[in-house]
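Printed here is start06.pdb (PDB, C-alpha atoms, pLDDT in the B column):
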ATOM      1  CA  MET O   1      -0.817   4.601  18.382  1.00 45.00           C
ATOM      2  CA  SER O   2      -1.806   1.075  17.383  1.00 73.00           C
ATOM      3  CA  ASP O   3      -0.321  -0.317  14.202  1.00 91.00           C
ATOM      4  CA  GLU O   4      -3.015  -3.000  13.901  1.00 96.00           C
ATOM      5  CA  LEU O   5      -3.705  -4.004  10.321  1.00 98.00           C
ATOM      6  CA  VAL O   6      -7.412  -4.548   9.647  1.00 98.00           C
ATOM      7  CA  PHE O   7      -8.739  -5.946   6.378  1.00 98.00           C
ATOM      8  CA  TYR O   8     -12.349  -5.288   5.315  1.00 98.00           C
ATOM      9  CA  THR O   9     -13.571  -7.690   2.665  1.00 98.00           C
ATOM     10  CA  ASN O  10     -16.074 -10.143   1.274  1.00 98.00           C
ATOM     11  CA  PRO O  11     -14.886 -13.429  -0.287  1.00 98.00           C
ATOM     12  CA  MET O  12     -16.930 -12.659  -3.418  1.00 96.00           C
ATOM     13  CA  SER O  13     -15.165  -9.407  -4.208  1.00 97.00           C
ATOM     14  CA  ARG O  14     -11.891  -7.853  -5.316  1.00 96.00           C
ATOM     15  CA  GLY O  15     -10.924  -8.290  -1.699  1.00 98.00           C
ATOM     16  CA  ARG O  16      -9.457 -11.593  -2.859  1.00 98.00           C
ATOM     17  CA  ILE O  17      -6.669  -9.600  -4.509  1.00 98.00           C
ATOM     18  CA  VAL O  18      -5.845  -7.849  -1.254  1.00 98.00           C
ATOM     19  CA  ARG O  19      -6.035 -11.110   0.696  1.00 98.00           C
ATOM     20  CA  TRP O  20      -3.356 -12.490  -1.595  1.00 98.00           C
ATOM     21  CA  MET O  21      -1.247  -9.359  -1.123  1.00 98.00           C
ATOM     22  CA  LEU O  22      -1.576  -9.611   2.656  1.00 98.00           C
ATOM     23  CA  GLU O  23      -0.476 -13.223   2.561  1.00 98.00           C
ATOM     24  CA  GLU O  24       2.531 -12.247   0.437  1.00 98.00           C
ATOM     25  CA  VAL O  25       3.418  -9.493   2.935  1.00 98.00           C
ATOM     26  CA  GLY O  26       3.280 -11.977   5.793  1.00 97.00           C
ATOM     27  CA  GLN O  27       2.322  -9.533   8.559  1.00 97.00           C
ATOM     28  CA  PRO O  28      -0.432 -10.238  11.119  1.00 97.00           C
ATOM     29  CA  TYR O  29      -3.802  -8.806  10.152  1.00 98.00           C
ATOM     30  CA  ARG O  30      -7.388  -9.002  11.334  1.00 98.00           C
ATOM     31  CA  THR O  31     -10.223  -9.659   8.876  1.00 98.00           C
ATOM     32  CA  GLU O  32     -13.680  -8.132   9.042  1.00 98.00           C
ATOM     33  CA  VAL O  33     -16.045  -9.821   6.579  1.00 98.00           C
ATOM     34  CA  LEU O  34     -18.837  -7.494   5.448  1.00 98.00           C
ATOM     35  CA  GLU O  35     -22.052  -8.360   3.663  1.00 97.00           C
ATOM     36  CA  TYR O  36     -23.425  -6.593   0.600  1.00 97.00           C
ATOM     37  CA  GLY O  37     -26.335  -4.266   1.299  1.00 94.00           C
ATOM     38  CA  THR O  38     -26.100  -4.517   5.106  1.00 97.00           C
ATOM     39  CA  THR O  39     -22.838  -4.171   7.035  1.00 98.00           C
ATOM     40  CA  MET O  40     -21.098  -2.837   3.924  1.00 98.00           C
ATOM     41  CA  LYS O  41     -23.546   0.098   3.925  1.00 97.00           C
ATOM     42  CA  ALA O  42     -23.727   0.548   7.704  1.00 98.00           C
ATOM     43  CA  PRO O  43     -22.485   3.798   9.300  1.00 98.00           C
ATOM     44  CA  ALA O  44     -19.548   2.066  10.987  1.00 97.00           C
ATOM     45  CA  TYR O  45     -18.109   0.966   7.662  1.00 98.00           C
ATOM     46  CA  LEU O  46     -19.118   4.086   5.728  1.00 98.00           C
ATOM     47  CA  ALA O  47     -16.804   5.932   8.117  1.00 97.00           C
ATOM     48  CA  ILE O  48     -14.009   3.772   6.679  1.00 97.00           C
ATOM     49  CA  ASN O  49     -15.116   3.884   3.038  1.00 98.00           C
ATOM     50  CA  PRO O  50     -17.941   6.265   2.112  1.00 98.00           C
ATOM     51  CA  MET O  51     -18.374   4.286  -1.120  1.00 97.00           C
ATOM     52  CA  GLY O  52     -19.671   1.390   0.951  1.00 98.00           C
ATOM     53  CA  LYS O  53     -17.636  -1.200  -0.921  1.00 97.00           C
ATOM     54  CA  VAL O  54     -14.716  -3.489  -0.282  1.00 98.00           C
ATOM     55  CA  PRO O  55     -11.815  -4.015  -0.081  1.00 98.00           C
ATOM     56  CA  ALA O  56     -10.310  -1.563   2.360  1.00 98.00           C
ATOM     57  CA  ILE O  57      -7.603  -1.694   4.979  1.00 98.00           C
ATOM     58  CA  ARG O  58      -6.891   0.272   8.117  1.00 98.00           C
ATOM     59  CA  HIS O  59      -3.285   0.350   9.272  1.00 98.00           C
ATOM     60  CA  GLY O  60      -3.214   2.196  12.555  1.00 96.00           C
ATOM     61  CA  ASP O  61      -4.870   5.510  11.695  1.00 95.00           C
ATOM     62  CA  THR O  62      -4.290   5.153   7.953  1.00 97.00           C
ATOM     63  CA  VAL O  63      -7.177   4.013   5.743  1.00 98.00           C
ATOM     64  CA  VAL O  64      -6.597   2.850   2.174  1.00 98.00           C
ATOM     65  CA  THR O  65      -9.280   1.816  -0.312  1.00 98.00           C
ATOM     66  CA  GLU O  66      -9.090   0.569  -3.938  1.00 98.00           C
ATOM     67  CA  ALA O  67      -7.280  -2.716  -4.482  1.00 98.00           C
ATOM     68  CA  ALA O  68      -4.430  -1.301  -6.573  1.00 98.00           C
ATOM     69  CA  ALA O  69      -3.774   1.443  -4.024  1.00 98.00           C
ATOM     70  CA  ILE O  70      -3.844  -1.089  -1.178  1.00 98.00           C
ATOM     71  CA  CYS O  71      -1.333  -3.332  -2.943  1.00 98.00           C
ATOM     72  CA  THR O  72       0.951  -0.353  -3.568  1.00 98.00           C
ATOM     73  CA  TYR O  73       0.659   0.818   0.035  1.00 98.00           C
ATOM     74  CA  LEU O  74       1.357  -2.603   1.536  1.00 98.00           C
ATOM     75  CA  ALA O  75       4.415  -3.143  -0.655  1.00 98.00           C
ATOM     76  CA  ASP O  76       5.871   0.149   0.599  1.00 97.00           C
ATOM     77  CA  ALA O  77       4.738  -0.237   4.218  1.00 97.00           C
ATOM     78  CA  PHE O  78       6.440  -3.619   4.495  1.00 97.00           C
ATOM     79  CA  PRO O  79       9.552  -3.417   2.285  1.00 97.00           C
ATOM     80  CA  GLN O  80      11.003  -6.547   3.881  1.00 97.00           C
ATOM     81  CA  ALA O  81       8.522  -8.553   1.782  1.00 98.00           C
ATOM     82  CA  ASN O  82      10.430  -7.402  -1.337  1.00 98.00           C
ATOM     83  CA  LEU O  83       7.264  -6.825  -3.377  1.00 98.00           C
ATOM     84  CA  ALA O  84       8.323  -3.531  -4.963  1.00 98.00           C
ATOM     85  CA  PRO O  85      11.514  -1.974  -6.302  1.00 97.00           C
ATOM     86  CA  ALA O  86      13.154   0.543  -4.000  1.00 94.00           C
ATOM     87  CA  PRO O  87      11.634   4.053  -4.053  1.00 92.00           C
ATOM     88  CA  GLY O  88      13.598   6.255  -6.425  1.00 91.00           C
ATOM     89  CA  SER O  89      15.040   3.364  -8.413  1.00 94.00           C
ATOM     90  CA  ARG O  90      14.555   3.195 -12.169  1.00 95.00           C
ATOM     91  CA  GLU O  91      12.896  -0.196 -11.746  1.00 94.00           C
ATOM     92  CA  ARG O  92      10.059   1.692 -10.091  1.00 96.00           C
ATOM     93  CA  GLY O  93       8.969   2.940 -13.532  1.00 96.00           C
ATOM     94  CA  PRO O  94       7.858  -0.362 -15.094  1.00 97.00           C
ATOM     95  CA  TYR O  95       6.509  -1.449 -11.715  1.00 97.00           C
ATOM     96  CA  TYR O  96       4.173   1.551 -11.573  1.00 97.00           C
ATOM     97  CA  ARG O  97       3.413   1.224 -15.256  1.00 97.00           C
ATOM     98  CA  TRP O  98       2.032  -2.308 -15.120  1.00 98.00           C
ATOM     99  CA  LEU O  99       0.396  -1.983 -11.728  1.00 97.00           C
ATOM    100  CA  PHE O 100      -1.676   0.952 -12.898  1.00 95.00           C
ATOM    101  CA  PHE O 101      -2.135  -0.446 -16.381  1.00 97.00           C
ATOM    102  CA  GLY O 102      -4.125  -3.120 -14.540  1.00 97.00           C
ATOM    103  CA  ALA O 103      -6.086  -0.535 -12.580  1.00 96.00           C
ATOM    104  CA  GLY O 104      -6.807   1.568 -15.657  1.00 95.00           C
ATOM    105  CA  PRO O 105      -6.925   0.059 -19.146  1.00 95.00           C
ATOM    106  CA  VAL O 106      -7.302  -3.595 -18.089  1.00 96.00           C
ATOM    107  CA  GLU O 107     -10.044  -2.938 -15.533  1.00 94.00           C
ATOM    108  CA  SER O 108     -11.948  -0.632 -17.879  1.00 92.00           C
ATOM    109  CA  ALA O 109     -11.662  -2.846 -20.945  1.00 91.00           C
ATOM    110  CA  ILE O 110     -12.771  -6.080 -19.304  1.00 91.00           C
ATOM    111  CA  SER O 111     -15.549  -4.350 -17.335  1.00 89.00           C
ATOM    112  CA  ASN O 112     -16.959  -2.863 -20.527  1.00 88.00           C
ATOM    113  CA  LYS O 113     -16.791  -6.246 -22.247  1.00 86.00           C
ATOM    114  CA  ALA O 114     -18.573  -7.902 -19.322  1.00 86.00           C
ATOM    115  CA  MET O 115     -21.327  -5.287 -19.575  1.00 86.00           C
ATOM    116  CA  GLY O 116     -21.650  -5.807 -23.326  1.00 88.00           C
ATOM    117  CA  PHE O 117     -20.423  -2.321 -24.161  1.00 84.00           C
ATOM    118  CA  GLN O 118     -18.410  -1.986 -27.367  1.00 82.00           C
ATOM    119  CA  VAL O 119     -16.484   1.178 -28.144  1.00 81.00           C
ATOM    120  CA  PRO O 120     -17.091   2.099 -31.805  1.00 82.00           C
ATOM    121  CA  PRO O 121     -13.764   1.794 -33.652  1.00 82.00           C
ATOM    122  CA  GLU O 122     -13.934   5.418 -34.735  1.00 83.00           C
ATOM    123  CA  ARG O 123     -14.228   6.466 -31.043  1.00 82.00           C
ATOM    124  CA  ALA O 124     -11.401   4.285 -29.718  1.00 77.00           C
ATOM    125  CA  GLY O 125      -9.198   7.325 -29.295  1.00 80.00           C
ATOM    126  CA  THR O 126     -11.595   8.834 -26.778  1.00 82.00           C
ATOM    127  CA  VAL O 127     -11.227   6.047 -24.177  1.00 81.00           C
ATOM    128  CA  GLY O 128      -8.070   5.421 -22.223  1.00 81.00           C
ATOM    129  CA  TYR O 129      -7.710   1.793 -23.204  1.00 84.00           C
ATOM    130  CA  GLY O 130      -8.467   2.157 -26.928  1.00 85.00           C
ATOM    131  CA  SER O 131      -9.657  -1.397 -27.466  1.00 89.00           C
ATOM    132  CA  LEU O 132      -9.588  -4.685 -25.596  1.00 90.00           C
ATOM    133  CA  ASP O 133      -7.309  -6.162 -28.257  1.00 92.00           C
ATOM    134  CA  SER O 134      -4.821  -3.339 -27.752  1.00 93.00           C
ATOM    135  CA  VAL O 135      -4.807  -3.986 -24.004  1.00 95.00           C
ATOM    136  CA  LEU O 136      -4.334  -7.737 -24.402  1.00 97.00           C
ATOM    137  CA  ASN O 137      -1.621  -7.284 -27.008  1.00 97.00           C
ATOM    138  CA  ALA O 138       0.295  -4.987 -24.655  1.00 97.00           C
ATOM    139  CA  LEU O 139       0.067  -7.563 -21.864  1.00 98.00           C
ATOM    140  CA  GLU O 140       1.076 -10.388 -24.169  1.00 98.00           C
ATOM    141  CA  ASN O 141       4.065  -8.390 -25.365  1.00 98.00           C
ATOM    142  CA  VAL O 142       5.426  -7.680 -21.881  1.00 98.00           C
ATOM    143  CA  LEU O 143       4.785 -11.200 -20.588  1.00 98.00           C
ATOM    144  CA  SER O 144       6.580 -12.725 -23.572  1.00 97.00           C
ATOM    145  CA  LYS O 145       9.773 -11.032 -22.369  1.00 96.00           C
ATOM    146  CA  GLY O 146       9.963 -12.315 -18.810  1.00 96.00           C
ATOM    147  CA  ASP O 147       8.312 -14.432 -16.160  1.00 97.00           C
ATOM    148  CA  TYR O 148       6.645 -11.416 -14.542  1.00 98.00           C
ATOM    149  CA  LEU O 149       5.366  -7.999 -15.518  1.00 97.00           C
ATOM    150  CA  THR O 150       8.593  -6.299 -14.484  1.00 95.00           C
ATOM    151  CA  GLY O 151      10.889  -8.997 -15.841  1.00 90.00           C
ATOM    152  CA  ASP O 152      12.299 -11.704 -13.598  1.00 93.00           C
ATOM    153  CA  ARG O 153      10.990 -10.329 -10.308  1.00 95.00           C
ATOM    154  CA  PHE O 154       7.554 -10.949  -8.779  1.00 98.00           C
ATOM    155  CA  THR O 155       6.000  -7.736  -7.417  1.00 98.00           C
ATOM    156  CA  ALA O 156       2.721  -6.267  -6.254  1.00 98.00           C
ATOM    157  CA  ALA O 157       2.041  -5.507  -9.925  1.00 98.00           C
ATOM    158  CA  ASP O 158       1.730  -9.248 -10.500  1.00 98.00           C
ATOM    159  CA  VAL O 159      -0.652  -9.600  -7.564  1.00 98.00           C
ATOM    160  CA  TYR O 160      -2.985  -6.911  -8.877  1.00 98.00           C
ATOM    161  CA  THR O 161      -2.722  -7.079 -12.655  1.00 98.00           C
ATOM    162  CA  GLY O 162      -2.094 -10.816 -12.570  1.00 98.00           C
ATOM    163  CA  SER O 163      -5.360 -11.267 -10.706  1.00 98.00           C
ATOM    164  CA  GLN O 164      -7.142  -9.367 -13.458  1.00 96.00           C
ATOM    165  CA  ILE O 165      -5.642 -11.667 -16.084  1.00 97.00           C
ATOM    166  CA  SER O 166      -6.500 -14.831 -14.147  1.00 97.00           C
ATOM    167  CA  TRP O 167     -10.073 -13.776 -13.427  1.00 95.00           C
ATOM    168  CA  GLY O 168     -10.558 -12.528 -16.962  1.00 94.00           C
ATOM    169  CA  MET O 169      -9.653 -15.925 -18.391  1.00 96.00           C
ATOM    170  CA  GLN O 170     -11.783 -17.706 -15.797  1.00 94.00           C
ATOM    171  CA  PHE O 171     -14.889 -15.671 -16.601  1.00 91.00           C
ATOM    172  CA  GLY O 172     -14.350 -15.314 -20.341  1.00 92.00           C
ATOM    173  CA  SER O 173     -13.534 -11.613 -20.579  1.00 91.00           C
ATOM    174  CA  ILE O 174      -9.888 -12.305 -21.491  1.00 95.00           C
ATOM    175  CA  GLU O 175      -9.034 -14.848 -24.154  1.00 94.00           C
ATOM    176  CA  LYS O 176      -6.858 -17.745 -23.073  1.00 97.00           C
ATOM    177  CA  ARG O 177      -3.668 -16.940 -24.899  1.00 97.00           C
ATOM    178  CA  PRO O 178      -0.819 -19.390 -24.141  1.00 98.00           C
ATOM    179  CA  VAL O 179       1.394 -16.699 -22.594  1.00 98.00           C
ATOM    180  CA  PHE O 180      -1.432 -15.698 -20.242  1.00 98.00           C
ATOM    181  CA  GLU O 181      -2.105 -19.288 -19.225  1.00 98.00           C
ATOM    182  CA  ARG O 182       1.555 -19.924 -18.418  1.00 98.00           C
ATOM    183  CA  TYR O 183       1.774 -16.679 -16.460  1.00 98.00           C
ATOM    184  CA  ALA O 184      -1.412 -17.382 -14.486  1.00 98.00           C
ATOM    185  CA  ALA O 185      -0.219 -20.888 -13.609  1.00 98.00           C
ATOM    186  CA  ARG O 186       3.102 -19.454 -12.430  1.00 98.00           C
ATOM    187  CA  ILE O 187       1.711 -16.783 -10.113  1.00 98.00           C
ATOM    188  CA  ASN O 188      -1.252 -18.800  -8.847  1.00 98.00           C
ATOM    189  CA  SER O 189       1.054 -21.581  -7.658  1.00 98.00           C
ATOM    190  CA  ARG O 190       2.795 -19.296  -5.179  1.00 98.00           C
ATOM    191  CA  PRO O 191       2.288 -20.438  -1.559  1.00 98.00           C
ATOM    192  CA  ALA O 192       0.740 -17.092  -0.566  1.00 98.00           C
ATOM    193  CA  ALA O 193      -1.724 -17.252  -3.467  1.00 98.00           C
ATOM    194  CA  ILE O 194      -2.764 -20.769  -2.483  1.00 98.00           C
ATOM    195  CA  ARG O 195      -3.202 -19.778   1.181  1.00 98.00           C
ATOM    196  CA  ALA O 196      -5.269 -16.750   0.221  1.00 98.00           C
ATOM    197  CA  ARG O 197      -7.611 -18.803  -1.979  1.00 98.00           C
ATOM    198  CA  GLN O 198      -8.077 -21.384   0.747  1.00 98.00           C
ATOM    199  CA  ILE O 199      -8.932 -18.723   3.341  1.00 98.00           C
ATOM    200  CA  ASP O 200     -11.440 -16.947   1.096  1.00 98.00           C
ATOM    201  CA  ASP O 201     -12.970 -20.162  -0.238  1.00 97.00           C
ATOM    202  CA  ALA O 202     -13.651 -21.243   3.349  1.00 97.00           C
ATOM    203  CA  LEU O 203     -15.585 -17.992   3.867  1.00 96.00           C
ATOM    204  CA  LEU O 204     -17.884 -18.510   0.885  1.00 95.00           C
ATOM    205  CA  PRO O 205     -21.557 -19.222   1.662  1.00 87.00           C
ATOM    206  CA  LYS O 206     -22.253 -22.924   1.994  1.00 81.00           C
ATOM    207  CA  LYS O 207     -24.328 -24.349  -0.846  1.00 72.00           C
TER     208      LYS O 207
END
This entry written out as structure tokens:
Amino acid sequence: MSDELVFYTNPMSRGRIVRWMLEEVGQPYRTEVLEYGTTMKAPAYLAINPMGKVPAIRHGDTVVTEAAAICTYLADAFPQANLAPAPGSRERGPYYRWLFFGAGPVESAISNKAMGFQVPPERAGTVGYGSLDSVLNALENVLSKGDYLTGDRFTAADVYTGSQISWGMQFGSIEKRPVFERYAARINSRPAAIRARQIDDALLPKK
């Protein structure tokens, strides 16, 4: 069975998160760039992801979709990259917590803000994230205690949730609090993050 690692993406998508993760992992991979509305919805790709969206990876016979799930999978599939605490360790708790806090409350809160949807204060208890302020305050609190989301160690949680913070500040859905700006500068200066941006920027349509 082939263990080839194939990455399905578009440079104007959340695939940029997975590109960064792949560069952090440091294993060979092949990229297939798909276009919105055409190859992304073609039968060949729908067999990989019936949602017809990117990113996705195929590792041998294993298919993983959803950026947070892909980051989690890659960290475990390639433990030599040291991007996750050891399975079964207590450090795994905060790692999971902040990785999926990004996939849940952060993603939902900033998406709703971008769409102009405001949860009425009296209904805040009915949505998982409560309010955008609550989400940002939680992030600010944890990042005020260490360089990374799990303390002093960079992990896949910083790739995924850190990308949400960086993009949110770039596009105005997350306010530029000093602790966020310092954190974003720290993680975005990593060699793998720089390589990933350069690769994806080169794939953007020429103006």
Given the file above and the PyMOL selection byres ((chain O and resi 105-122) around 10), which residues are selected, and can you give them as a list in words?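 When the PyMOL selection byres ((chain O and resi 105-122) around 10) is applied, the selected residues are Trp98, Phe100, Phe101, Gly102, Ala103, Gly104, Arg123, Ala124, Gly125, Thr126, Val127, Gly128, Tyr129, Gly130, Ser131, Leu132, Asp133, Ser134, Val135, Leu136, Leu139, Thr161, Gln164, Ile165, Gly168, Phe171, Gly172, Ser173 and Ile174 of chain O.
Note that the spacing between atom CA of O:Leu5 and atom CA of O:Asp201 amounts to 21.4 Å.
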Go through stretch 88-156 of chain O and flag each residue having an atom no more than 12 Å from stretch 24-48 of chain O; for those, report the closest pair of atoms plus their distance in Å to one decimal, using all atoms listed in the file, ordered by chain and rising number, as a tab-separated table.
residue	atom	partner	partner_atom	distance
O:Phe154	CA	O:Glu24	CA	10.6
O:Thr155	CA	O:Glu24	CA	9.7
O:Ala156	CA	O:Glu24	CA	9.0
Check the smallest atom-to-atom distance from each of O:His59, O:Arg97, O:Arg182, O:Arg197 to O:Gly15 using all atoms listed in the file, then report the winner.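 Ranking O:His59, O:Arg97, O:Arg182, O:Arg197 by distance to O:Gly15, first place goes to O:Arg197.
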Matched chain/residue IDs from the PyMOL selection byres ((chain O and resi 150) around 10), as a VMD selection string: chain O and resid 84 to 85 91 to 99 142 to 143 145 to 149 151 to 155 157 to 158
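Residues matched by the PyMOL selection byres ((chain O and resi 2) around 9) in this file are Met1, Asp3, Glu4, Leu5, His59, Gly60 and Asp61 of chain O.
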